[in-house]
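J.: Structure supplied as structure_17.txt; contents: compact mmCIF, C-alpha atoms and all ligand atoms.
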# COMPACT_ATOMS: atom_id res chain seq x y z
CA MET A 1 -9.22 28.13 21.78
CA ASN A 2 -8.65 24.83 19.97
CA GLN A 3 -5.43 22.86 20.37
CA SER A 4 -4.11 23.92 16.95
CA GLN A 5 -4.25 27.61 17.88
CA ALA A 6 -2.46 26.94 21.16
CA TRP A 7 0.40 25.14 19.37
CA ILE A 8 0.65 27.87 16.74
CA GLU A 9 1.05 30.51 19.47
CA ARG A 10 3.80 28.44 21.12
CA ASN A 11 5.46 27.91 17.72
CA ASP A 12 5.58 31.66 17.17
CA LYS A 13 7.46 32.16 20.44
CA VAL A 14 10.28 29.61 20.08
CA ILE A 15 10.75 28.47 16.48
CA THR A 16 13.05 30.44 14.18
CA LYS A 17 10.89 32.03 11.51
CA THR A 18 12.68 30.48 8.52
CA TYR A 19 9.37 29.12 7.26
CA GLY A 20 6.11 30.98 6.73
CA ARG A 21 3.99 28.22 8.26
CA TYR A 22 0.40 27.44 7.35
CA PRO A 23 -1.98 27.13 10.33
CA LEU A 24 -1.86 23.34 10.50
CA VAL A 25 -0.64 21.13 13.36
CA PRO A 26 -0.34 17.60 11.94
CA VAL A 27 0.06 14.83 14.50
CA ARG A 28 -0.83 11.58 12.72
CA GLY A 29 -0.63 10.13 9.21
CA GLN A 30 -1.65 6.99 7.33
CA GLY A 31 -1.23 6.51 3.58
CA CYS A 32 -2.19 9.73 1.80
CA LEU A 33 -4.06 11.10 4.84
CA VAL A 34 -2.92 13.17 7.81
CA TRP A 35 -4.85 14.39 10.86
CA ASP A 36 -4.28 17.53 12.86
CA VAL A 37 -4.20 17.84 16.64
CA ASP A 38 -7.93 18.68 16.69
CA GLY A 39 -8.79 15.51 14.74
CA ARG A 40 -9.41 17.09 11.31
CA GLU A 41 -8.51 14.98 8.28
CA TYR A 42 -6.43 16.18 5.31
CA LEU A 43 -5.57 14.61 1.97
CA ASP A 44 -1.83 15.08 1.51
CA LEU A 45 -0.67 15.83 -2.04
CA LEU A 46 2.59 17.36 -0.80
CA ALA A 47 3.87 14.32 1.13
CA GLY A 48 6.46 16.21 3.17
CA VAL A 49 7.70 17.79 -0.07
CA ALA A 50 8.16 14.62 -2.11
CA VAL A 51 9.40 12.64 0.92
CA ASN A 52 6.68 10.17 1.95
CA ILE A 53 6.78 8.18 -1.30
CA LEU A 54 5.05 5.13 0.22
CA GLY A 55 2.57 7.27 2.14
CA HIS A 56 2.60 8.10 5.84
CA CYS A 57 3.62 5.35 8.23
CA ALA A 58 4.05 2.69 5.52
CA PRO A 59 3.74 -0.60 7.48
CA LYS A 60 6.99 -2.19 6.25
CA VAL A 61 9.00 0.95 6.97
CA VAL A 62 7.41 1.31 10.42
CA ALA A 63 8.23 -2.34 11.18
CA ALA A 64 11.84 -1.90 10.02
CA ILE A 65 12.27 1.25 12.14
CA LYS A 66 10.75 -0.44 15.22
CA ALA A 67 12.91 -3.54 14.87
CA GLN A 68 16.07 -1.54 14.27
CA ALA A 69 15.34 0.89 17.13
CA GLU A 70 15.20 -2.07 19.50
CA THR A 71 18.44 -3.52 18.14
CA LEU A 72 20.96 -0.76 17.33
CA ILE A 73 20.16 2.87 16.53
CA HIS A 74 23.58 4.34 15.98
CA CYS A 75 27.18 3.25 16.19
CA SER A 76 29.85 4.89 14.03
CA ASN A 77 31.16 4.91 10.49
CA TYR A 78 34.44 3.64 11.95
CA TYR A 79 32.68 0.26 11.74
CA ASN A 80 30.83 -1.75 9.09
CA ILE A 81 27.06 -1.33 9.21
CA PRO A 82 24.98 -4.15 7.66
CA GLN A 83 21.89 -2.01 6.90
CA GLN A 84 24.09 0.62 5.26
CA ILE A 85 25.83 -2.05 3.17
CA ARG A 86 22.47 -3.56 2.14
CA LEU A 87 21.06 -0.17 1.09
CA ALA A 88 24.22 0.60 -0.91
CA GLU A 89 23.96 -2.80 -2.62
CA LEU A 90 20.32 -2.14 -3.54
CA LEU A 91 21.16 1.30 -4.93
CA CYS A 92 24.12 -0.01 -6.94
CA GLU A 93 22.20 -3.04 -8.30
CA ASN A 94 19.54 -0.65 -9.58
CA SER A 95 21.61 2.24 -10.94
CA PHE A 96 24.76 3.14 -12.88
CA ALA A 97 26.69 3.47 -9.60
CA GLU A 98 29.21 1.24 -7.85
CA ARG A 99 29.75 3.17 -4.60
CA VAL A 100 27.57 5.13 -2.21
CA PHE A 101 28.38 7.78 0.40
CA PHE A 102 25.60 8.26 2.96
CA CYS A 103 24.69 11.50 4.73
CA ASN A 104 21.52 13.02 6.19
CA SER A 105 19.95 15.39 3.66
CA GLY A 106 19.86 16.55 0.08
CA ALA A 107 22.11 19.52 0.77
CA GLU A 108 24.71 17.22 2.33
CA ALA A 109 24.52 14.81 -0.59
CA ASN A 110 25.20 17.73 -2.93
CA GLU A 111 28.08 18.91 -0.72
CA ALA A 112 29.62 15.45 -1.08
CA ALA A 113 29.11 15.53 -4.86
CA LEU A 114 30.67 18.99 -5.20
CA LYS A 115 33.64 18.04 -3.02
CA LEU A 116 34.19 14.85 -5.02
CA ALA A 117 34.02 16.78 -8.31
CA ARG A 118 36.62 19.30 -7.13
CA LYS A 119 38.93 16.66 -5.69
CA TYR A 120 38.73 14.49 -8.81
CA SER A 121 39.41 17.49 -11.01
CA ARG A 122 42.41 18.65 -8.98
CA GLU A 123 43.90 15.17 -8.96
CA THR A 124 43.21 14.66 -12.69
CA HIS A 125 43.52 18.09 -14.31
CA GLY A 126 45.40 20.23 -11.75
CA ALA A 127 44.44 23.09 -9.43
CA ASN A 128 43.03 25.53 -12.02
CA ARG A 129 39.97 23.55 -12.93
CA ALA A 130 37.49 23.85 -10.08
CA GLU A 131 34.51 25.72 -11.51
CA ILE A 132 31.07 24.10 -11.40
CA LEU A 133 28.18 25.21 -13.61
CA THR A 134 24.57 25.00 -12.45
CA ALA A 135 21.26 26.10 -14.00
CA ASN A 136 19.24 29.26 -13.51
CA ALA A 137 16.22 28.55 -11.25
CA SER A 138 17.94 25.42 -9.89
CA PHE A 139 17.78 24.43 -6.23
CA HIS A 140 20.58 22.49 -4.57
CA GLY A 141 20.10 23.01 -0.82
CA ARG A 142 20.71 25.54 1.95
CA THR A 143 24.33 24.99 2.98
CA PHE A 144 26.90 27.53 1.77
CA ALA A 145 27.91 25.40 -1.23
CA GLY A 146 24.23 24.57 -1.77
CA ILE A 147 23.14 28.21 -2.00
CA SER A 148 26.23 29.07 -4.04
CA ALA A 149 25.22 26.36 -6.51
CA THR A 150 21.54 27.34 -6.46
CA GLY A 151 20.56 29.53 -9.42
CA GLN A 152 18.07 31.73 -7.52
CA ASP A 153 19.14 35.14 -6.17
CA LYS A 154 16.53 35.18 -3.38
CA ILE A 155 18.13 32.12 -1.78
CA LYS A 156 21.61 33.73 -1.72
CA GLU A 157 20.38 37.09 -0.40
CA GLY A 158 22.26 38.38 2.65
CA PHE A 159 24.75 35.51 2.91
CA ALA A 160 27.72 36.81 0.90
CA PRO A 161 30.54 36.01 0.56
CA LEU A 162 29.47 32.74 -1.01
CA VAL A 163 31.59 29.76 -2.03
CA PRO A 164 33.55 30.84 -5.14
CA GLY A 165 33.65 28.82 -8.33
CA PHE A 166 30.01 28.62 -9.39
CA ARG A 167 28.42 30.08 -12.52
CA HIS A 168 24.91 29.59 -13.89
CA PHE A 169 23.45 28.82 -17.31
CA PRO A 170 19.91 28.95 -18.75
CA PHE A 171 18.19 25.58 -18.12
CA GLY A 172 17.18 23.55 -21.17
CA ASP A 173 19.29 25.41 -23.77
CA ILE A 174 22.27 23.29 -24.87
CA ASP A 175 23.87 26.06 -26.95
CA ALA A 176 23.77 28.47 -24.01
CA LEU A 177 25.35 25.80 -21.80
CA ARG A 178 28.08 25.12 -24.37
CA ALA A 179 28.85 28.85 -24.46
CA THR A 180 29.04 29.00 -20.63
CA VAL A 181 31.69 26.25 -20.29
CA GLY A 182 35.09 27.85 -19.71
CA PRO A 183 38.70 26.65 -19.33
CA GLU A 184 38.27 26.34 -15.54
CA THR A 185 35.02 24.35 -15.66
CA CYS A 186 35.24 20.87 -14.13
CA ALA A 187 31.60 19.85 -13.72
CA ILE A 188 27.98 20.57 -14.58
CA MET A 189 25.34 19.93 -11.93
CA LEU A 190 21.63 19.92 -12.70
CA GLU A 191 18.23 18.55 -11.77
CA PRO A 192 16.66 16.32 -14.47
CA ILE A 193 13.42 18.22 -13.79
CA GLN A 194 13.66 21.38 -11.69
CA GLY A 195 11.48 21.01 -8.58
CA GLU A 196 11.68 24.12 -6.38
CA GLY A 197 12.22 26.21 -9.53
CA GLY A 198 8.67 25.46 -10.73
CA VAL A 199 8.56 21.88 -12.10
CA ASN A 200 10.54 22.83 -15.21
CA ILE A 201 11.03 20.03 -17.75
CA PRO A 202 13.85 20.47 -20.27
CA PRO A 203 13.28 19.77 -23.99
CA ALA A 204 13.46 16.10 -25.06
CA GLY A 205 17.06 15.00 -25.58
CA TYR A 206 18.56 17.83 -23.50
CA LEU A 207 20.14 15.61 -20.83
CA LYS A 208 21.69 13.43 -23.52
CA GLN A 209 23.15 16.53 -25.15
CA VAL A 210 24.54 17.65 -21.79
CA ARG A 211 26.12 14.20 -21.41
CA GLU A 212 27.73 14.51 -24.86
CA LEU A 213 29.03 17.99 -24.05
CA CYS A 214 30.52 16.70 -20.79
CA ASP A 215 32.24 13.81 -22.60
CA GLU A 216 33.61 16.12 -25.27
CA GLN A 217 34.95 18.67 -22.74
CA HIS A 218 36.00 16.11 -20.08
CA LEU A 219 33.54 17.46 -17.53
CA LEU A 220 31.77 15.56 -14.78
CA LEU A 221 27.98 15.43 -14.95
CA ILE A 222 26.30 15.56 -11.55
CA LEU A 223 22.56 14.87 -11.48
CA ASP A 224 20.75 16.21 -8.43
CA GLU A 225 17.97 13.61 -8.15
CA VAL A 226 17.14 14.59 -4.57
CA GLN A 227 13.55 15.30 -5.66
CA THR A 228 13.23 13.40 -8.98
CA GLY A 229 14.82 10.18 -7.64
CA CYS A 230 13.26 7.30 -5.70
CA GLY A 231 10.44 6.70 -8.18
CA ARG A 232 8.99 10.22 -8.28
CA THR A 233 8.96 10.51 -12.09
CA GLY A 234 7.76 6.93 -12.73
CA SER A 235 11.16 5.23 -13.01
CA LEU A 236 13.44 4.59 -10.05
CA PHE A 237 15.66 7.47 -11.23
CA ALA A 238 14.70 10.19 -13.72
CA TYR A 239 17.87 9.70 -15.81
CA GLU A 240 16.61 6.22 -16.85
CA GLN A 241 14.08 7.92 -19.13
CA GLU A 242 16.74 10.08 -20.79
CA GLY A 243 19.03 7.50 -22.45
CA MET A 244 22.11 8.75 -20.63
CA LEU A 245 24.07 8.16 -17.43
CA PRO A 246 25.44 10.70 -14.94
CA ASP A 247 28.89 10.51 -13.32
CA ILE A 248 27.51 11.40 -9.90
CA MET A 249 23.94 11.28 -8.60
CA THR A 250 22.55 12.64 -5.35
CA LEU A 251 19.46 11.34 -3.54
CA ALA A 252 17.61 12.21 -0.35
CA LYS A 253 13.92 13.12 0.06
CA GLY A 254 12.09 9.82 -0.63
CA LEU A 255 14.94 7.45 0.12
CA ALA A 256 13.84 6.42 3.64
CA ASN A 257 10.17 7.52 3.43
CA GLY A 258 10.66 10.29 5.99
CA VAL A 259 13.66 9.32 8.09
CA PRO A 260 16.48 11.81 7.37
CA ILE A 261 18.98 10.40 4.86
CA GLY A 262 21.01 11.49 1.86
CA ALA A 263 23.21 9.60 -0.57
CA MET A 264 25.87 10.42 -3.15
CA LEU A 265 26.41 7.74 -5.81
CA ALA A 266 29.27 7.31 -8.29
CA ARG A 267 31.25 4.70 -10.15
CA ASP A 268 34.23 3.14 -8.40
CA SER A 269 36.98 4.91 -10.38
CA LEU A 270 35.53 8.31 -9.51
CA ALA A 271 34.55 7.55 -5.91
CA ALA A 272 38.14 6.37 -5.35
CA HIS A 273 39.15 10.04 -5.17
CA LEU A 274 37.47 10.24 -1.75
CA GLY A 275 39.85 8.27 0.45
CA PRO A 276 39.93 7.72 4.23
CA GLY A 277 39.61 11.01 6.12
CA SER A 278 38.65 13.08 3.07
CA HIS A 279 34.95 13.38 3.90
CA GLY A 280 32.52 12.06 6.50
CA SER A 281 29.37 12.33 8.55
CA THR A 282 28.68 11.25 12.13
CA PHE A 283 25.09 10.21 11.50
CA GLY A 284 25.37 9.45 7.77
CA GLY A 285 24.10 5.96 6.93
CA ASN A 286 23.39 5.03 10.54
CA PRO A 287 21.58 1.74 11.21
CA LEU A 288 18.17 3.31 11.89
CA ALA A 289 18.07 5.51 8.77
CA THR A 290 19.44 2.84 6.45
CA ALA A 291 17.09 0.15 7.83
CA ALA A 292 14.24 2.52 6.90
CA GLY A 293 15.92 3.05 3.52
CA VAL A 294 16.18 -0.68 2.80
CA ALA A 295 12.49 -1.22 3.67
CA THR A 296 11.51 1.77 1.52
CA LEU A 297 13.54 0.74 -1.52
CA GLU A 298 12.50 -2.93 -1.34
CA THR A 299 8.83 -1.91 -1.20
CA LEU A 300 9.29 0.60 -4.02
CA LEU A 301 10.96 -2.01 -6.24
CA HIS A 302 8.67 -4.98 -5.62
CA GLU A 303 5.11 -3.82 -5.00
CA GLY A 304 3.95 -2.19 -8.21
CA ILE A 305 4.54 1.28 -6.78
CA LEU A 306 6.36 2.56 -9.88
CA ALA A 307 3.52 1.32 -12.13
CA ASN A 308 1.00 3.06 -9.85
CA CYS A 309 3.10 6.23 -9.98
CA ARG A 310 2.96 6.22 -13.80
CA ALA A 311 -0.77 5.42 -13.97
CA SER A 312 -1.87 7.79 -11.18
CA GLY A 313 0.52 10.44 -12.53
CA ALA A 314 -1.04 10.27 -15.99
CA TYR A 315 -4.52 10.42 -14.45
CA LEU A 316 -3.70 13.36 -12.17
CA GLN A 317 -2.09 15.26 -15.03
CA ALA A 318 -5.10 14.61 -17.30
CA GLU A 319 -7.48 15.76 -14.55
CA LEU A 320 -5.45 18.94 -14.02
CA GLU A 321 -5.51 19.56 -17.78
CA ARG A 322 -9.28 19.22 -17.66
CA LEU A 323 -9.37 21.95 -14.99
CA ALA A 324 -6.96 24.01 -17.10
CA ARG A 325 -9.50 24.03 -19.96
CA LYS A 326 -12.16 25.27 -17.53
CA TYR A 327 -10.14 27.99 -15.77
CA PRO A 328 -8.31 30.54 -17.94
CA PHE A 329 -5.92 31.54 -15.11
CA ILE A 330 -4.21 28.13 -15.49
CA ALA A 331 -1.42 28.83 -17.96
CA ALA A 332 0.15 25.35 -18.19
CA VAL A 333 0.15 21.86 -16.68
CA ARG A 334 3.41 19.91 -16.84
CA GLY A 335 4.99 16.96 -15.11
CA ARG A 336 6.30 13.44 -15.23
CA GLY A 337 5.07 10.60 -13.05
CA LEU A 338 3.85 12.15 -9.79
CA MET A 339 5.87 15.36 -10.03
CA ILE A 340 3.39 17.80 -11.53
CA GLY A 341 3.23 21.59 -11.71
CA VAL A 342 0.27 23.81 -12.54
CA GLU A 343 1.48 27.20 -13.68
CA LEU A 344 -0.91 30.03 -12.90
CA SER A 345 -1.20 33.54 -14.28
CA ILE A 346 -2.13 34.62 -10.71
CA GLU A 347 -0.44 34.26 -7.30
CA GLY A 348 -0.90 30.75 -5.90
CA GLY A 349 -0.47 31.37 -2.15
CA GLU A 350 -4.15 32.08 -1.46
CA LEU A 351 -5.21 28.94 -3.33
CA VAL A 352 -2.94 26.84 -1.09
CA LYS A 353 -4.62 28.40 1.98
CA ALA A 354 -8.09 27.79 0.53
CA ALA A 355 -7.16 24.15 -0.19
CA LEU A 356 -5.92 23.70 3.39
CA GLN A 357 -9.23 25.04 4.75
CA ARG A 358 -11.00 22.38 2.70
CA GLY A 359 -8.72 19.57 3.88
CA LEU A 360 -6.27 19.38 0.97
CA LEU A 361 -2.50 19.83 1.32
CA ILE A 362 -0.74 21.24 -1.74
CA ASN A 363 2.17 23.62 -2.24
CA CYS A 364 3.02 26.62 -4.36
CA THR A 365 6.56 27.22 -5.59
CA VAL A 366 8.09 30.32 -7.22
CA GLY A 367 4.87 32.17 -6.29
CA LYS A 368 2.74 30.88 -9.16
CA VAL A 369 3.25 27.15 -9.72
CA LEU A 370 1.04 24.78 -7.73
CA ARG A 371 3.09 21.66 -7.08
CA PHE A 372 1.72 18.14 -6.71
CA VAL A 373 4.17 15.55 -5.32
CA PRO A 374 1.85 13.09 -3.53
CA PRO A 375 2.72 9.63 -2.19
CA LEU A 376 3.40 7.28 -5.13
CA ILE A 377 0.64 4.97 -3.79
CA ILE A 378 -2.13 7.54 -4.39
CA THR A 379 -5.31 6.09 -5.90
CA ARG A 380 -7.73 7.44 -8.52
CA LYS A 381 -10.36 7.82 -5.81
CA GLU A 382 -8.04 10.03 -3.77
CA ILE A 383 -7.17 12.05 -6.89
CA ASP A 384 -10.90 12.48 -7.62
CA ARG A 385 -11.41 13.78 -4.07
CA ALA A 386 -8.57 16.27 -4.54
CA MET A 387 -9.94 17.42 -7.91
CA CYS A 388 -13.36 18.18 -6.36
CA VAL A 389 -11.67 20.45 -3.82
CA LEU A 390 -9.53 22.15 -6.48
CA ASP A 391 -12.57 22.68 -8.71
CA GLU A 392 -14.36 24.38 -5.79
CA ILE A 393 -11.51 26.70 -4.89
CA PHE A 394 -10.70 27.52 -8.54
CA ALA A 395 -14.36 28.42 -9.07
CA GLU A 396 -14.05 31.05 -6.33
CA VAL A 397 -11.19 32.89 -8.06
CA VAL A 398 -12.55 36.14 -9.47
C1 LIG B 401 14.99 19.40 -1.49
C2 LIG B 401 16.13 19.50 -2.45
C3 LIG B 401 17.45 19.69 -2.01
C4 LIG B 401 17.79 19.93 -0.55
O1 LIG B 401 17.50 18.84 0.25
P1 LIG B 401 17.51 19.02 1.86
O2 LIG B 401 17.25 17.64 2.36
O3 LIG B 401 16.44 20.00 2.20
O4 LIG B 401 18.86 19.52 2.23
C5 LIG B 401 18.46 19.68 -2.94
N1 LIG B 401 18.19 19.50 -4.25
C6 LIG B 401 16.94 19.33 -4.71
C7 LIG B 401 16.72 19.11 -6.16
C8 LIG B 401 15.87 19.33 -3.83
O5 LIG B 401 14.62 19.21 -4.29
Render the structure in this file as structure tokens.
T.:
Amino acid sequence: MNQSQAWIERNDKVITKTYGRYPLVPVRGQGCLVWDVDGREYLDLLAGVAVNILGHCAPKVVAAIKAQAETLIHCSNYYNIPQQIRLAELLCENSFAERVFFCNSGAEANEAALKLARKYSRETHGANRAEILTANASFHGRTFAGISATGQDKIKEGFAPLVPGFRHFPFGDIDALRATVGPETCAIMLEPIQGEGGVNIPPAGYLKQVRELCDEQHLLLILDEVQTGCGRTGSLFAYEQEGMLPDIMTLAKGLANGVPIGAMLARDSLAAHLGPGSHGSTFGGNPLATAAGVATLETLLHEGILANCRASGAYLQAELERLARKYPFIAAVRGRGLMIGVELSIEGGELVKAALQRGLLINCTVGKVLRFVPPLIITRKEIDRAMCVLDEIFAEVV
């Protein structure tokens, strides 16, 4: 028995089965490559689900983590934390926002956003305006408010009663959204491009129309950029390409290149509704996570990573379109930057397994959309290597 099999047997005995895990035991990573416990190499086009934006073990992030670990790992948010302050400054200098609340995950960032929206609305419009609208096929995390906000029935299944005050609308249809807004609505929350829902891109101008609707109806606009943020779509934040600004934005996945972190950003006048004692997090924004965040963001902003994301993204998308012309079971290729989906007319799960066997890590979401969210540093050569593998496994589909 090889070491991988031994670990998989132990996994099956002690780990809660919330994930259907592929038979891979990764133990080391560098750039776009990872190695399993038996020494086999894999090209990683999933990157921890859009997390390792600078690749595995990016040297500057590793150095920042090492230095911070030797200095101060955790203290408390009762005190002022220089790395946290620096990361907030970087985020505010490079976005619409003026204040940042730090937490440890995307779900927690969305919790903070939803709590802020409700508190602002109560203090501004009274108690009867607490409803939040979110899109069909959206994904906003696994906490109770997260699954209540998420527009996918399978994610809510078995957990009722859910948090009240959420209703859903069809994504990408401004008239349908306008018709969904009611007298109790206080906010609209949506992903600029839906990730878990199948890499769904709304029609051009949609986000601007949502912004106008929010202004007209005095609603807050919350953008969940947990997946689209941190350079994924070719700009630091996806909203920058939409000619509009949100009221609240949430970030997580790529923000510290793999160290758990989440952030909720807003302008000062709005953030002021969360005063001392109203919300908090023991670990949120701790020195270790925010030191990793500062190193990640500084690298992302200064080393041509965004330009590489745009160029490699265009190349990867063009290469996938080439395969789409060759294989009729590919129904559509869509994406922005390095967030790309390949919609199939067949189930994608077996293709993911076949890719893994040939040393390529990809993912399939909503059963039939292959998702590519590689490190933003990926090169053409690495993309070519991935395309060879895909061509081989697609050719075997009968
Ligand atoms: C991944 C994701 C989340 C949840 O983030 P966690 O860190 O897993 O809690 C929320 N929203 C979007 C858009 C995501 O992609």
J.: What is the distance, in Å and to one decimal place, between atom CA of Asp12 of chain A and atom CA of Val27 of chain A?
T.: 17.9 Å
J.: One decimal, in Å: what's the spacing between atom CA of Leu236 of chain A and atom CA of Lys208 of chain A?
T.: 18.1 Å
J.: Which residues are near ligand LIG 401 (chain B) in this structure, taking near to mean any atom at most 8 Å from a ligand atom and counting all atoms listed in the file? Format them as an mmCIF file with C-alpha atoms, keeping the file's coordinate frame.
T.:
data_model
loop_
_atom_site.group_PDB
_atom_site.id
_atom_site.type_symbol
_atom_site.label_atom_id
_atom_site.label_comp_id
_atom_site.auth_asym_id
_atom_site.auth_seq_id
_atom_site.Cartn_x
_atom_site.Cartn_y
_atom_site.Cartn_z
ATOM 1 C CA VAL A 49 7.700 17.790 -0.070
ATOM 2 C CA ASN A 104 21.520 13.020 6.190
ATOM 3 C CA SER A 105 19.950 15.390 3.660
ATOM 4 C CA GLY A 106 19.860 16.550 0.080
ATOM 5 C CA ALA A 107 22.110 19.520 0.770
ATOM 6 C CA GLU A 108 24.710 17.220 2.330
ATOM 7 C CA ALA A 109 24.520 14.810 -0.590
ATOM 8 C CA ASN A 110 25.200 17.730 -2.930
ATOM 9 C CA SER A 138 17.940 25.420 -9.890
ATOM 10 C CA PHE A 139 17.780 24.430 -6.230
ATOM 11 C CA HIS A 140 20.580 22.490 -4.570
ATOM 12 C CA GLY A 141 20.100 23.010 -0.820
ATOM 13 C CA ARG A 142 20.710 25.540 1.950
ATOM 14 C CA THR A 143 24.330 24.990 2.980
ATOM 15 C CA GLY A 146 24.230 24.570 -1.770
ATOM 16 C CA GLU A 191 18.230 18.550 -11.770
ATOM 17 C CA GLN A 194 13.660 21.380 -11.690
ATOM 18 C CA GLY A 195 11.480 21.010 -8.580
ATOM 19 C CA GLU A 196 11.680 24.120 -6.380
ATOM 20 C CA ASP A 224 20.750 16.210 -8.430
ATOM 21 C CA GLU A 225 17.970 13.610 -8.150
ATOM 22 C CA VAL A 226 17.140 14.590 -4.570
ATOM 23 C CA GLN A 227 13.550 15.300 -5.660
ATOM 24 C CA THR A 228 13.230 13.400 -8.980
ATOM 25 C CA ALA A 252 17.610 12.210 -0.350
ATOM 26 C CA LYS A 253 13.920 13.120 0.060
ATOM 27 C CA PRO A 260 16.480 11.810 7.370
ATOM 28 C CA ILE A 261 18.980 10.400 4.860
ATOM 29 C CA GLY A 262 21.010 11.490 1.860
#
J.: Quick check, in Å to one decimal: how far apart do atom CA of Asp384 of chain A and atom CA of Cys309 of chain A lie?
T.: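 We find that atom CA of Asp384 of chain A and atom CA of Cys309 of chain A lie 15.5 Å from each other.
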J.: I'd like the contact shell of Asn286 of chain A - 9 Å cut-off, all atoms listed in the file, skipping same-chain residues fewer than 6 positions apart - returned as a ChimeraX atom specification.
T.: /A:73-77,81,83-84,102-103,261
J.: If you count all atoms listed in the file, which residues fall within 12 Å of Trp7 of chain A, apart from same-chain ones fewer than 3 positions away, as a PDB file with C-alpha atoms, in the frame of the given file?
T.:
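What ended up in result_29.pdb:
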ATOM      1  CA  MET A   1      -9.220  28.130  21.780  1.00  0.00           C
ATOM      2  CA  ASN A   2      -8.650  24.830  19.970  1.00  0.00           C
ATOM      3  CA  GLN A   3      -5.430  22.860  20.370  1.00  0.00           C
ATOM      4  CA  SER A   4      -4.110  23.920  16.950  1.00  0.00           C
ATOM      5  CA  ARG A  10       3.800  28.440  21.120  1.00  0.00           C
ATOM      6  CA  ASN A  11       5.460  27.910  17.720  1.00  0.00           C
ATOM      7  CA  ASP A  12       5.580  31.660  17.170  1.00  0.00           C
ATOM      8  CA  LYS A  13       7.460  32.160  20.440  1.00  0.00           C
ATOM      9  CA  VAL A  14      10.280  29.610  20.080  1.00  0.00           C
ATOM     10  CA  ILE A  15      10.750  28.470  16.480  1.00  0.00           C
ATOM     11  CA  PRO A  23      -1.980  27.130  10.330  1.00  0.00           C
ATOM     12  CA  LEU A  24      -1.860  23.340  10.500  1.00  0.00           C
ATOM     13  CA  VAL A  25      -0.640  21.130  13.360  1.00  0.00           C
ATOM     14  CA  PRO A  26      -0.340  17.600  11.940  1.00  0.00           C
ATOM     15  CA  VAL A  27       0.060  14.830  14.500  1.00  0.00           C
ATOM     16  CA  ASP A  36      -4.280  17.530  12.860  1.00  0.00           C
ATOM     17  CA  VAL A  37      -4.200  17.840  16.640  1.00  0.00           C
ATOM     18  CA  ASP A  38      -7.930  18.680  16.690  1.00  0.00           C
TER      19      ASP A  38
END
J.: Taking (-2.9, 30.4, -3.2) in the coordinates of the supplied file, I want to know which residues reach to within 10 Å of it, counting all atoms listed in the file; could you give the answer as an mmCIF file with C-alpha atoms, in the coordinates of the input?
T.:
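Writing done, so here's point-v6.cif:
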data_model
loop_
_atom_site.group_PDB
_atom_site.id
_atom_site.type_symbol
_atom_site.label_atom_id
_atom_site.label_comp_id
_atom_site.auth_asym_id
_atom_site.auth_seq_id
_atom_site.Cartn_x
_atom_site.Cartn_y
_atom_site.Cartn_z
ATOM 1 C CA LEU A 344 -0.910 30.030 -12.900
ATOM 2 C CA ILE A 346 -2.130 34.620 -10.710
ATOM 3 C CA GLU A 347 -0.440 34.260 -7.300
ATOM 4 C CA GLY A 348 -0.900 30.750 -5.900
ATOM 5 C CA GLY A 349 -0.470 31.370 -2.150
ATOM 6 C CA GLU A 350 -4.150 32.080 -1.460
ATOM 7 C CA LEU A 351 -5.210 28.940 -3.330
ATOM 8 C CA VAL A 352 -2.940 26.840 -1.090
ATOM 9 C CA LYS A 353 -4.620 28.400 1.980
ATOM 10 C CA ALA A 354 -8.090 27.790 0.530
ATOM 11 C CA ALA A 355 -7.160 24.150 -0.190
ATOM 12 C CA LEU A 356 -5.920 23.700 3.390
ATOM 13 C CA ILE A 362 -0.740 21.240 -1.740
ATOM 14 C CA ASN A 363 2.170 23.620 -2.240
ATOM 15 C CA CYS A 364 3.020 26.620 -4.360
ATOM 16 C CA GLY A 367 4.870 32.170 -6.290
ATOM 17 C CA LYS A 368 2.740 30.880 -9.160
ATOM 18 C CA VAL A 369 3.250 27.150 -9.720
ATOM 19 C CA LEU A 370 1.040 24.780 -7.730
ATOM 20 C CA ILE A 393 -11.510 26.700 -4.890
ATOM 21 C CA PHE A 394 -10.700 27.520 -8.540
ATOM 22 C CA VAL A 397 -11.190 32.890 -8.060
#
J.: Between A:Ile340, A:Ala271, A:Val100, A:Ala58, which one has atoms that come closest to Arg118 of chain A, using all atoms listed in the file?
T.: A:Ala271
J.: List every protein, DNA or RNA residue that has an atom no more than 6 Å from (6.2, 12.0, -3.8) in the file's coordinate frame, counting only C-alpha atoms, and report them as a PyMOL selection string.
T.: chain A and resi 47+50-51+53+232+373-376
J.: With 10 Å as the cut-off and all atoms listed in the file counted, what is the closest atom pair between each nearby residue of segment 214-285 of chain A and segment 310-322 of chain A? Distances in Å to one decimal, ordered by chain and number, as a tab-separated table.
T.:
residue	atom	partner	partner_atom	distance
A:Gly231	CA	A:Arg310	CA	9.4
A:Arg232	CA	A:Arg310	CA	9.1
A:Thr233	CA	A:Arg310	CA	7.6
A:Gly234	CA	A:Arg310	CA	5.0
A:Ser235	CA	A:Arg310	CA	8.3
J.: For Gln5 of chain A, which residue out of A:Ile201, A:Tyr22, A:Thr180, A:Pro287 is the nearest one, using only C-alpha atoms?
T.: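 That would be A:Tyr22, the residue with the smallest distance to Gln5 of chain A.
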J.: Using all atoms listed in the file, which residue out of A:Val259, A:Arg325, A:Leu116, A:Thr296 lies closest to Leu221 of chain A?
T.: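 Of A:Val259, A:Arg325, A:Leu116, A:Thr296, the one nearest Leu221 of chain A, counting all atoms listed in the file, is A:Leu116.
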